[in-house]
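Asks: Take a look at this one; I'll ask things after.
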Amino acid sequence: MPTVFFSYSHADEDLRDQLEKQLAMLKRQGVIETWHDRRIGAGQELGQVIDEHINTDDIILLLVSQDFISSDYCYNIEMKQALERHEAGEAIVIPVILRACEWPYAPFGKLMATPTDGKPVTQWPDRDEAFLQVARAVRDAAGRLSGGKAPALVGPSPSKASITEGDVTSSRPGPRSSNLRLSKSFTQRDKDQFKADTFEYIARYFENSLAELEARNPGYQGTFRRVDANRFFATIYKDGKDVARATVYLGGMLGAINYLQGETTSSNSSNESLSVDADDQMLFLTSMGMSSFGRAREQKLTQEGAAELLWGLVIDPLQQRHNW
C-alpha cells in the first residue's frame, strides 16, 4: 500500500487537516496510508523520523504556500530530498497549492500542480471541491505505483470534464522526464476573472487584517464596510478618532483595482492602481507605482502580494507615526 507524506509548514496545519479528511475514502479503501510530523511520538528524534519517511514514503505532497517557501526546513531539506527521489523515480511528488505564492518559479514549478491550473485552494469558492481534485490526483498516483488503477469511487465515474490538467495523470508507470512545462496562453476572460477574484481576495485580506489589528493593539479599532460588489471602505480608529481611511474599488477609467485615501464613491481618481498581466506561465498583477514610488512597478505580484501592497499604504503611515 503506497504511503503519503505531507511536507508542509505548521502555519498551514488547518489546511493539512482538511486535506487529510478528503483522503479518508482512499484510506478506508486501503489505497493509501498517510503520515505527517504530528504523528511523531514522545521521545522520538524529530529530524530522524522525518528523514526516514521522506526517504521511504511513496507519494510526497508538497503543501505549498508562502510559509512553505519561506521555511528553510521545508524548502531546503524536505523539498530537496523529495525532488531528488522524484527525479530518480523512487517517489511521486505532487505540489498542492494551498495559498497564493510565486510557486511556478520554485524547482517544483515544472511539475503538474493541483488543484486545476495551480489555483490556490484558498481561492476556490468551495474548498471541498479543491481538495477533491487533490484526492483524485493522489488516487491516480497510487494507481500508477501499484501498476494499475486504484479502486474507483463507488457510484458514477467522474465525467471527462471533471478530469482536468490540474490532476496528476499519466498513462504508464515508469521513468519519465519532469521537464514538461509548456507555455500557456490566457484569454481576456481569464484576466477579467483573475481581477475579480483578486478584488475579493483583497477585500477578505483587509477585513481580516483590520480585525487582527484591533485584537493586537489596545485602543485601536478597525472597521470594514462593503459598499457594493466593486467597492469597500477600510477605517482605523485610535481611541475613537479616525486615523486612517481608505477606499478600494474595482473599475474606473483604467479598469483596474484602485486604492484611494479617504472614503469616496467616485471612480475618477486613485493613489494606486493594480492591473492584470500575464507571462507564459501565470497571471499576475503589476503596480502603477503611483504611491509606492515605483518599488513594486517591476514586480509580478501574487494576489497576496497585491493585497499586502495596498494594506501597506494604510498601515505604514501609522507605523511611522507611532514607531510600532
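Residues are referred to by chain and number: the chain letter is A, B, ... according to the order shown in the C-alpha cells, the number counts from 1 in that chain, and ligands are numbered separately from 1 in the order shown.
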Using DSSP on the backbone, list every residue of stretch 9-82 of chain A that comes out as strand (DSSP E), and give them as a PyMOL selection string.

Replies: chain A and resi 33-35+59-64

Asks: Could you save those same residues with C-alpha atoms as a JSON list (two decimals), in the first residue's frame?

Replies:
```
[["chain", "number", "residue", "atom", "x", "y", "z"],
["A", 33, "GLU", "CA", -1.67, 5.36, 4.25],
["A", 34, "THR", "CA", -0.76, 8.90, 5.33],
["A", 35, "TRP", "CA", 1.91, 10.33, 7.60],
["A", 59, "ILE", "CA", 3.90, 9.83, -2.58],
["A", 60, "ILE", "CA", 5.10, 13.19, -1.28],
["A", 61, "LEU", "CA", 2.63, 16.07, -1.14],
["A", 62, "LEU", "CA", 4.27, 19.50, -1.09],
["A", 63, "LEU", "CA", 1.63, 21.70, 0.57],
["A", 64, "VAL", "CA", 2.74, 24.96, -0.97]]
```

Asks: Per residue of stretch 222-323 of chain A within 9 Å of stretch 188-212 of chain A, what are the shortest atom pair and its distance in Å to one decimal, counting only C-alpha atoms, with rows by chain and residue number, as JSON lines?

Replies:
```
{"residue": "A:Gly222", "atom": "CA", "partner": "A:Leu210", "partner_atom": "CA", "distance": 4.7}
{"residue": "A:Thr223", "atom": "CA", "partner": "A:Leu210", "partner_atom": "CA", "distance": 6.6}
{"residue": "A:Phe224", "atom": "CA", "partner": "A:Glu207", "partner_atom": "CA", "distance": 5.6}
{"residue": "A:Arg225", "atom": "CA", "partner": "A:Glu207", "partner_atom": "CA", "distance": 8.5}
{"residue": "A:Arg226", "atom": "CA", "partner": "A:Ala203", "partner_atom": "CA", "distance": 8.4}
{"residue": "A:Ala229", "atom": "CA", "partner": "A:Glu200", "partner_atom": "CA", "distance": 8.8}
{"residue": "A:Asn230", "atom": "CA", "partner": "A:Phe199", "partner_atom": "CA", "distance": 7.9}
{"residue": "A:Arg231", "atom": "CA", "partner": "A:Ala203", "partner_atom": "CA", "distance": 8.7}
{"residue": "A:Phe232", "atom": "CA", "partner": "A:Ala203", "partner_atom": "CA", "distance": 7.2}
{"residue": "A:Ala234", "atom": "CA", "partner": "A:Phe206", "partner_atom": "CA", "distance": 7.3}
{"residue": "A:Thr235", "atom": "CA", "partner": "A:Leu210", "partner_atom": "CA", "distance": 8.2}
{"residue": "A:Ile236", "atom": "CA", "partner": "A:Leu210", "partner_atom": "CA", "distance": 7.6}
{"residue": "A:Val248", "atom": "CA", "partner": "A:Ala203", "partner_atom": "CA", "distance": 8.3}
{"residue": "A:Tyr249", "atom": "CA", "partner": "A:Phe199", "partner_atom": "CA", "distance": 8.0}
{"residue": "A:Leu250", "atom": "CA", "partner": "A:Phe199", "partner_atom": "CA", "distance": 7.0}
{"residue": "A:Ala256", "atom": "CA", "partner": "A:Lys195", "partner_atom": "CA", "distance": 7.9}
{"residue": "A:Ile257", "atom": "CA", "partner": "A:Phe199", "partner_atom": "CA", "distance": 6.9}
{"residue": "A:Ser275", "atom": "CA", "partner": "A:Lys195", "partner_atom": "CA", "distance": 7.9}
{"residue": "A:Val276", "atom": "CA", "partner": "A:Lys191", "partner_atom": "CA", "distance": 6.4}
{"residue": "A:Asp277", "atom": "CA", "partner": "A:Lys191", "partner_atom": "CA", "distance": 7.5}
{"residue": "A:Ala278", "atom": "CA", "partner": "A:Lys191", "partner_atom": "CA", "distance": 8.3}
{"residue": "A:Leu283", "atom": "CA", "partner": "A:Lys191", "partner_atom": "CA", "distance": 7.3}
{"residue": "A:Phe284", "atom": "CA", "partner": "A:Phe194", "partner_atom": "CA", "distance": 8.5}
{"residue": "A:Leu285", "atom": "CA", "partner": "A:Lys195", "partner_atom": "CA", "distance": 8.5}
{"residue": "A:Thr302", "atom": "CA", "partner": "A:Thr198", "partner_atom": "CA", "distance": 8.9}
{"residue": "A:Gln303", "atom": "CA", "partner": "A:Thr198", "partner_atom": "CA", "distance": 5.7}
{"residue": "A:Glu304", "atom": "CA", "partner": "A:Ile202", "partner_atom": "CA", "distance": 7.7}
{"residue": "A:Ala306", "atom": "CA", "partner": "A:Ile202", "partner_atom": "CA", "distance": 7.7}
{"residue": "A:Ala307", "atom": "CA", "partner": "A:Ile202", "partner_atom": "CA", "distance": 5.0}
{"residue": "A:Glu308", "atom": "CA", "partner": "A:Tyr205", "partner_atom": "CA", "distance": 8.3}
{"residue": "A:Leu310", "atom": "CA", "partner": "A:Ile202", "partner_atom": "CA", "distance": 8.5}
{"residue": "A:Trp311", "atom": "CA", "partner": "A:Phe206", "partner_atom": "CA", "distance": 6.9}
```

Asks: From the options A:Leu318, A:Leu301, A:Pro107, A:Ala24, which residue's atoms come nearest to A:Lys238, counting only C-alpha atoms?

Replies: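 Checking each candidate against A:Lys238, we get A:Leu318 as the closest.
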
Asks: Which residues are near A:Glu84? Cut-off 10 Å, only C-alpha atoms, ignore same chain within fewer than 5 positions. Put them as a PDB file with N, CA and C atoms, in the first residue's frame.

Replies:
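Written file, part18.pdb:
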```
ATOM      1  N   ASN A  55      12.337   9.680   2.919  1.00  0.00           N
ATOM      2  CA  ASN A  55      13.219   8.861   2.097  1.00  0.00           C
ATOM      3  C   ASN A  55      12.625   7.496   1.757  1.00  0.00           C
ATOM      4  N   MET A  79      11.860  19.539   0.577  1.00  0.00           N
ATOM      5  CA  MET A  79      11.607  19.662  -0.854  1.00  0.00           C
ATOM      6  C   MET A  79      12.771  19.109  -1.669  1.00  0.00           C
ATOM      7  N   GLY A  89      12.892   8.434  -9.794  1.00  0.00           N
ATOM      8  CA  GLY A  89      11.797   7.501  -9.994  1.00  0.00           C
ATOM      9  C   GLY A  89      11.448   6.697  -8.769  1.00  0.00           C
ATOM     10  N   GLU A  90      11.874   7.185  -7.600  1.00  0.00           N
ATOM     11  CA  GLU A  90      11.636   6.452  -6.355  1.00  0.00           C
ATOM     12  C   GLU A  90      10.362   6.898  -5.651  1.00  0.00           C
ATOM     13  N   ALA A  91       9.826   8.018  -6.030  1.00  0.00           N
ATOM     14  CA  ALA A  91       8.621   8.550  -5.400  1.00  0.00           C
ATOM     15  C   ALA A  91       7.922   9.471  -6.391  1.00  0.00           C
ATOM     16  N   VAL A  93       6.122  13.112  -6.555  1.00  0.00           N
ATOM     17  CA  VAL A  93       5.945  14.380  -5.847  1.00  0.00           C
ATOM     18  C   VAL A  93       4.786  15.138  -6.491  1.00  0.00           C
TER      19      VAL A  93
END
```

Asks: Using atom CA of A:Asp58 and atom CA of A:Ser9 as the two end points, give the distance in Å to one decimal.

Replies: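 Atom-to-atom, atom CA of A:Asp58 to atom CA of A:Ser9, that is 20.1 Å.
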
Asks: Which of these, A:Lys110, A:His10, A:Lys300, A:Arg16, has the shortest distance to A:Phe131 once you count only C-alpha atoms?

Replies: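 Distance minimum relative to A:Phe131 lands on A:Arg16.
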
Asks: Give the answer as one residue: which of A:Asp67, A:Asp51, A:Asp57, A:Asp280 has the shortest atom-to-atom distance to A:Arg99, using only C-alpha atoms?

Replies: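 Looking only at the distances to A:Arg99, the closest residue turns out to be A:Asp67.
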